[in-house]
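Here's work-v5.txt, which has compact mmCIF, C-alpha atoms:
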# COMPACT_ATOMS: atom_id res chain seq x y z
CA ARG N 1 66.84 -220.67 -71.93
CA THR N 2 68.50 -222.57 -69.14
CA ARG N 3 66.34 -222.70 -66.08
CA VAL N 4 68.14 -222.58 -62.78
CA ALA N 5 66.50 -224.34 -59.88
CA PRO N 6 66.11 -222.19 -56.78
CA ALA N 7 68.67 -222.83 -54.07
CA VAL N 8 67.36 -225.03 -51.28
CA PRO N 9 68.62 -223.91 -47.87
CA ARG N 10 70.50 -226.53 -45.92
CA LEU N 11 69.12 -227.64 -42.60
CA SER N 12 72.12 -226.06 -40.90
CA ASP N 13 71.20 -222.68 -42.51
CA THR N 14 67.71 -222.51 -41.07
CA PRO N 15 67.07 -220.07 -38.20
CA ASP N 16 66.29 -222.89 -35.77
CA ALA N 17 69.46 -224.82 -36.61
CA MET N 18 71.60 -221.68 -36.33
CA ALA N 19 70.04 -220.89 -32.97
CA ASP N 20 70.72 -224.43 -31.73
CA GLN N 21 74.34 -224.21 -32.88
CA ALA N 22 74.81 -220.88 -31.14
CA THR N 23 73.30 -222.33 -27.96
CA ALA N 24 75.66 -225.34 -28.13
CA GLU N 25 78.69 -223.10 -28.62
CA MET N 26 77.68 -220.93 -25.69
CA ALA N 27 77.22 -224.07 -23.54
CA ASN N 28 80.70 -225.24 -24.54
CA MET N 29 82.18 -221.86 -23.66
CA LYS N 30 80.43 -221.99 -20.30
CA VAL N 31 81.78 -225.51 -19.62
CA ALA N 32 85.28 -224.32 -20.59
CA GLU N 33 85.03 -221.44 -18.16
CA GLU N 34 83.70 -223.63 -15.32
CA ASP N 35 85.85 -226.75 -15.92
CA PRO N 36 88.97 -226.11 -18.04
CA GLU N 37 90.19 -229.70 -17.61
CA ALA N 38 86.94 -231.21 -19.00
CA ALA N 39 87.02 -228.73 -21.87
CA ALA N 40 90.62 -229.69 -22.67
CA LYS N 41 89.72 -233.42 -22.71
CA LYS N 42 86.76 -232.76 -24.98
CA ALA N 43 88.88 -230.70 -27.35
CA ALA N 44 91.58 -233.39 -27.40
CA LYS N 45 88.97 -236.07 -28.16
CA LYS N 46 87.55 -233.97 -30.99
CA ALA N 47 91.03 -233.38 -32.40
CA ALA N 48 91.79 -237.12 -32.23
CA LYS N 49 88.61 -237.93 -34.14
CA ALA N 50 89.45 -235.33 -36.77
CA ALA N 51 92.98 -236.76 -37.11
CA GLU N 52 91.61 -240.32 -37.45
CA ALA N 53 89.18 -239.20 -40.16
CA ALA N 54 91.99 -237.40 -42.00
CA ALA N 55 94.20 -240.51 -41.80
CA LYS N 56 91.43 -242.71 -43.21
CA LYS N 57 90.84 -240.28 -46.04
CA ALA N 58 94.57 -240.11 -46.83
CA LYS N 59 94.77 -243.93 -46.82
CA LEU N 60 91.82 -244.17 -49.20
CA GLU N 61 93.34 -241.60 -51.55
CA ALA N 62 96.67 -243.45 -51.51
CA LYS N 63 94.88 -246.72 -52.34
CA LYS N 64 93.07 -245.09 -55.25
CA ALA N 65 96.34 -243.67 -56.56
CA LYS N 66 98.02 -247.08 -56.29
CA LEU N 67 95.18 -248.78 -58.20
CA ALA N 68 95.31 -246.11 -60.89
CA GLU N 69 99.08 -246.60 -61.16
CA MET N 70 98.69 -250.39 -61.46
CA GLU N 71 96.00 -250.02 -64.11
CA ALA N 72 98.16 -247.65 -66.13
CA ALA N 73 101.13 -250.05 -65.87
CA LYS N 74 98.92 -252.95 -66.98
CA LYS N 75 97.68 -251.06 -70.03
CA ALA N 76 101.23 -250.06 -70.94
CA LYS N 77 102.37 -253.68 -70.63
CA GLU N 78 99.49 -254.91 -72.79
CA ALA N 79 100.30 -252.30 -75.43
CA ALA N 80 103.96 -253.35 -75.42
CA GLY N 81 103.09 -257.06 -75.58
CA GLY N 82 100.72 -256.80 -78.52
CA GLY N 83 97.48 -256.94 -76.54
CA ASP N 84 98.00 -260.29 -74.84
CA GLY N 85 98.66 -258.80 -71.40
CA GLY N 86 102.37 -259.46 -71.73
CA LYS N 87 101.76 -263.09 -70.86
CA LYS N 88 102.89 -265.90 -73.04
CA LYS N 89 100.62 -268.89 -72.97
CA LYS N 90 102.35 -272.04 -71.97
CA GLU N 91 102.19 -274.52 -74.78
CA LYS N 92 100.84 -277.86 -73.68
CA LYS N 93 103.12 -280.75 -74.31
CA GLY N 94 101.66 -283.37 -76.54
CA GLY N 95 101.74 -287.08 -75.88
CA VAL N 96 102.15 -289.15 -72.72
CA ASP N 97 105.11 -288.83 -70.37
CA GLU N 98 107.50 -291.69 -71.07
CA GLU N 99 108.24 -292.40 -67.39
CA ASP N 100 104.54 -292.55 -66.50
CA LEU N 101 103.89 -294.85 -69.46
CA ALA N 102 106.72 -297.17 -68.39
CA ALA N 103 105.35 -297.26 -64.81
CA LEU N 104 101.87 -298.18 -66.07
CA LYS N 105 103.19 -300.95 -68.30
CA ALA N 106 105.25 -302.39 -65.43
CA ALA N 107 102.21 -302.38 -63.13
CA GLN N 108 100.02 -304.07 -65.74
CA ALA N 109 102.70 -306.71 -66.34
CA VAL N 110 102.37 -308.04 -62.77
CA PRO N 111 100.67 -311.49 -63.01
CA LYS N 112 97.12 -311.62 -61.63
CA GLY N 113 97.13 -312.41 -57.93
CA GLU N 114 100.85 -311.73 -57.51
CA TYR N 115 102.37 -309.12 -55.19
CA LYS N 116 103.25 -305.83 -56.87
CA ASP N 117 106.62 -305.04 -55.36
CA PRO N 118 107.10 -301.24 -55.12
CA ALA N 119 110.86 -301.81 -55.20
CA VAL N 120 110.52 -303.35 -58.69
CA VAL N 121 107.54 -301.55 -60.19
CA PRO N 122 108.44 -297.86 -60.65
CA MET N 123 106.14 -295.14 -59.35
CA ALA N 124 104.70 -292.67 -61.84
CA LYS N 125 105.45 -288.97 -61.41
CA ALA N 126 101.74 -288.09 -61.44
CA TYR N 127 98.96 -290.03 -59.70
CA ASP N 128 97.37 -292.53 -62.06
CA PRO N 129 94.58 -294.74 -60.63
CA LYS N 130 95.24 -297.45 -63.20
CA ASN N 131 98.87 -297.66 -62.15
CA VAL N 132 98.21 -297.49 -58.40
CA GLU N 133 95.32 -299.97 -58.29
CA ALA N 134 96.75 -302.46 -60.79
CA ALA N 135 97.33 -305.94 -59.26
CA TRP N 136 96.59 -304.95 -55.65
CA TYR N 137 92.96 -306.07 -55.45
CA ASP N 138 93.66 -309.46 -57.04
CA TRP N 139 96.51 -310.04 -54.58
CA TRP N 140 94.32 -309.05 -51.61
CA GLU N 141 91.64 -311.53 -52.69
CA LYS N 142 94.19 -314.29 -53.24
CA GLU N 143 95.66 -313.75 -49.78
CA GLY N 144 92.18 -313.82 -48.21
CA TYR N 145 92.47 -310.39 -46.61
CA PHE N 146 88.73 -309.81 -46.94
CA LYS N 147 87.78 -313.00 -45.09
CA PRO N 148 87.54 -313.04 -41.30
CA THR N 149 88.82 -316.04 -39.37
CA MET N 150 86.01 -317.62 -37.38
CA GLY N 151 86.39 -318.61 -33.73
CA THR N 152 89.26 -316.30 -32.82
CA SER N 153 89.47 -314.31 -29.59
CA LYS N 154 89.76 -311.03 -31.51
CA PRO N 155 86.98 -308.46 -31.04
CA LYS N 156 84.38 -308.60 -33.82
CA PHE N 157 83.43 -305.75 -36.16
CA VAL N 158 80.74 -306.15 -38.83
CA ILE N 159 79.08 -303.67 -41.19
CA VAL N 160 76.19 -304.59 -43.46
CA ILE N 161 76.37 -302.49 -46.60
CA PRO N 162 73.13 -300.48 -46.49
CA PRO N 163 71.25 -301.25 -49.69
CA PRO N 164 71.55 -298.17 -51.93
CA ASN N 165 68.42 -296.26 -52.82
CA VAL N 166 67.46 -296.76 -56.45
CA THR N 167 67.25 -293.05 -57.21
CA GLY N 168 68.83 -293.12 -60.64
CA ALA N 169 72.11 -294.10 -62.24
CA LEU N 170 75.23 -294.44 -60.10
CA HIS N 171 76.33 -291.12 -58.66
CA ILE N 172 78.92 -289.76 -56.23
CA GLY N 173 76.61 -290.32 -53.24
CA HIS N 174 76.75 -294.09 -53.75
CA ALA N 175 80.53 -294.01 -54.15
CA LEU N 176 81.05 -291.80 -51.10
CA THR N 177 78.86 -293.94 -48.83
CA ASN N 178 80.67 -297.15 -49.67
CA SER N 179 84.11 -295.52 -49.62
CA ILE N 180 83.55 -294.39 -46.02
CA GLN N 181 82.38 -297.87 -44.97
CA ASP N 182 85.34 -299.46 -46.76
CA THR N 183 87.76 -297.17 -44.92
CA ILE N 184 86.20 -297.93 -41.52
CA VAL N 185 86.28 -301.71 -42.07
CA ARG N 186 89.90 -301.64 -43.22
CA TRP N 187 90.90 -299.47 -40.25
CA ARG N 188 89.23 -301.90 -37.83
CA ARG N 189 90.94 -304.88 -39.47
CA MET N 190 94.33 -303.16 -39.17
CA SER N 191 93.50 -302.37 -35.54
CA GLY N 192 93.26 -306.08 -34.71
CA TYR N 193 89.55 -306.77 -35.16
CA GLU N 194 88.00 -309.67 -37.03
CA ALA N 195 86.25 -307.41 -39.54
CA LEU N 196 83.54 -308.34 -42.03
CA TRP N 197 81.80 -306.17 -44.59
CA VAL N 198 78.62 -307.91 -45.70
CA PRO N 199 77.13 -306.83 -49.05
CA GLY N 200 73.46 -305.86 -49.19
CA THR N 201 71.09 -305.85 -52.15
CA ASP N 202 69.25 -303.19 -54.10
CA HIS N 203 65.81 -302.20 -52.94
CA ALA N 204 62.95 -299.86 -53.79
CA GLY N 205 62.19 -297.77 -50.74
CA ILE N 206 60.87 -294.34 -49.79
CA ALA N 207 63.59 -292.50 -51.71
CA THR N 208 62.72 -294.45 -54.88
CA GLN N 209 59.02 -293.76 -54.35
CA THR N 210 59.76 -290.03 -54.11
CA VAL N 211 61.78 -290.01 -57.33
CA VAL N 212 59.09 -291.89 -59.24
CA GLU N 213 56.36 -289.61 -57.89
CA LYS N 214 58.28 -286.52 -59.03
CA LYS N 215 58.77 -288.10 -62.46
CA LEU N 216 55.04 -288.80 -62.81
CA GLN N 217 54.15 -285.25 -61.79
CA ARG N 218 56.76 -283.71 -64.07
CA GLU N 219 56.13 -285.79 -67.20
CA GLU N 220 52.45 -286.75 -66.92
CA GLY N 221 50.95 -284.36 -64.40
CA ILE N 222 49.56 -287.16 -62.23
CA THR N 223 50.10 -288.51 -58.69
CA ARG N 224 50.35 -292.00 -57.27
CA HIS N 225 46.79 -291.60 -56.02
CA ASP N 226 45.62 -291.09 -59.61
CA LEU N 227 47.27 -294.39 -60.60
CA GLY N 228 46.29 -296.45 -57.59
CA ARG N 229 48.52 -298.75 -55.55
CA GLU N 230 49.01 -301.60 -58.04
CA LYS N 231 49.72 -299.39 -61.07
CA PHE N 232 52.05 -297.18 -59.05
CA LEU N 233 54.02 -300.22 -57.86
CA GLU N 234 54.38 -301.29 -61.47
CA ARG N 235 55.91 -297.91 -62.28
CA VAL N 236 58.28 -298.18 -59.30
CA PHE N 237 59.50 -301.60 -60.41
CA GLU N 238 59.91 -300.33 -63.98
CA TRP N 239 62.21 -297.67 -62.55
CA LYS N 240 64.08 -300.29 -60.51
CA GLU N 241 64.58 -302.49 -63.56
CA GLN N 242 66.03 -299.52 -65.42
CA TYR N 243 68.51 -298.35 -62.76
CA GLY N 244 68.76 -301.06 -60.08
CA GLY N 245 71.20 -303.24 -61.99
CA LYS N 246 73.68 -300.41 -62.42
CA ILE N 247 73.70 -299.68 -58.71

Produce structure tokens that represent the structure in this file.
Amino acid sequence: RTRVAPAVPRLSDTPDAMADQATAEMANMKVAEEDPEAAAKKAAKKAAKAAEAAAKKAKLEAKKAKLAEMEAAKKAKEAAGGGDGGKKKKEKKGGVDEEDLAALKAAQAVPKGEYKDPAVVPMAKAYDPKNVEAAWYDWWEKEGYFKPTMGTSKPKFVIVIPPPNVTGALHIGHALTNSIQDTIVRWRRMSGYEALWVPGTDHAGIATQTVVEKKLQREEGITRHDLGREKFLERVFEWKEQYGGKI
């Protein structure tokens, strides 16, 4: 047999709640009798709240109906298009664009150290680092653009390339650091400064020590204190020999 759970009275149905409600209604009636204007304002406020709630509910229902309509239209479109959503996949063109290939060949044909004239060498439709960078660096070096002129009255600007931490193979952090410095030095040179960017050298510092310590703990379950100073330094320099040259 199906067992029916006994009805649980709502809080608003309890004698105390009903008494409180009756008291509140009587108080409202009394206020209305004593101050009709205040009662009218209260009623108007209550009506405004009710209207706002009704508007929100209507908006929500309209949104649900719209979503249901869109979903039905989508399913109908998929059914009509054979299950592919009615979308035809764009076939990728094979091969290299002829204009881009011609631009790359023209850039690579510029003799080393010679000026790559943009009026002669065509520009590719899409950005291609090989095309853009070809010939420029050799020409800059030939023209001595990276060398400051000593003894001039121009203001001086010098950056020493901070030696990179030997924390592994080359990564984006190394490239980003040096790209920012390169940009600053070039900007200063174009602003009229005698600018010099002095290369640094690799080194094994605190960051390298941390990486090696983590490696020891992860792979061997030991610390630098277990090895002792001399043995730990040997491990650090082994790490440097492995990755320092790349950096």

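Selecting by distance to (86.1, -311.9, -36.0) with a limit of 8 Å and using only C-alpha atoms, one obtains Pro148, Thr149, Met150, Gly151, Thr152, Ser153, Lys154, Pro155, Lys156, Phe157, Tyr193, Glu194, Ala195 and Leu196 of chain N.
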
Write a file of the selected residues as an mmCIF file, in the coordinates of the input, keeping C-alpha atoms.
data_model
loop_
_atom_site.group_PDB
_atom_site.id
_atom_site.type_symbol
_atom_site.label_atom_id
_atom_site.label_comp_id
_atom_site.auth_asym_id
_atom_site.auth_seq_id
_atom_site.Cartn_x
_atom_site.Cartn_y
_atom_site.Cartn_z
ATOM 1 C CA PRO N 148 87.540 -313.040 -41.300
ATOM 2 C CA THR N 149 88.820 -316.040 -39.370
ATOM 3 C CA MET N 150 86.010 -317.620 -37.380
ATOM 4 C CA GLY N 151 86.390 -318.610 -33.730
ATOM 5 C CA THR N 152 89.260 -316.300 -32.820
ATOM 6 C CA SER N 153 89.470 -314.310 -29.590
ATOM 7 C CA LYS N 154 89.760 -311.030 -31.510
ATOM 8 C CA PRO N 155 86.980 -308.460 -31.040
ATOM 9 C CA LYS N 156 84.380 -308.600 -33.820
ATOM 10 C CA PHE N 157 83.430 -305.750 -36.160
ATOM 11 C CA TYR N 193 89.550 -306.770 -35.160
ATOM 12 C CA GLU N 194 88.000 -309.670 -37.030
ATOM 13 C CA ALA N 195 86.250 -307.410 -39.540
ATOM 14 C CA LEU N 196 83.540 -308.340 -42.030
#

Have a look at CA of Ala119 in chain N and CA of Glu98 in chain N and let me know their distance in Å, one decimal. 19.1 Å

Within 10 Å of range 176-186 of chain N, counting only C-alpha atoms, which residues qualify if same-chain residues fewer than 4 places away don't, as a CSV table (one decimal) with C-alpha atoms, in the coordinates of the input?
chain,number,residue,atom,x,y,z
N,145,TYR,CA,92.5,-310.4,-46.6
N,146,PHE,CA,88.7,-309.8,-46.9
N,157,PHE,CA,83.4,-305.8,-36.2
N,158,VAL,CA,80.7,-306.2,-38.8
N,159,ILE,CA,79.1,-303.7,-41.2
N,160,VAL,CA,76.2,-304.6,-43.5
N,161,ILE,CA,76.4,-302.5,-46.6
N,162,PRO,CA,73.1,-300.5,-46.5
N,164,PRO,CA,71.6,-298.2,-51.9
N,171,HIS,CA,76.3,-291.1,-58.7
N,172,ILE,CA,78.9,-289.8,-56.2
N,190,MET,CA,94.3,-303.2,-39.2
N,191,SER,CA,93.5,-302.4,-35.5
N,193,TYR,CA,89.6,-306.8,-35.2
N,194,GLU,CA,88.0,-309.7,-37.0
N,195,ALA,CA,86.2,-307.4,-39.5
N,196,LEU,CA,83.5,-308.3,-42.0
N,197,TRP,CA,81.8,-306.2,-44.6
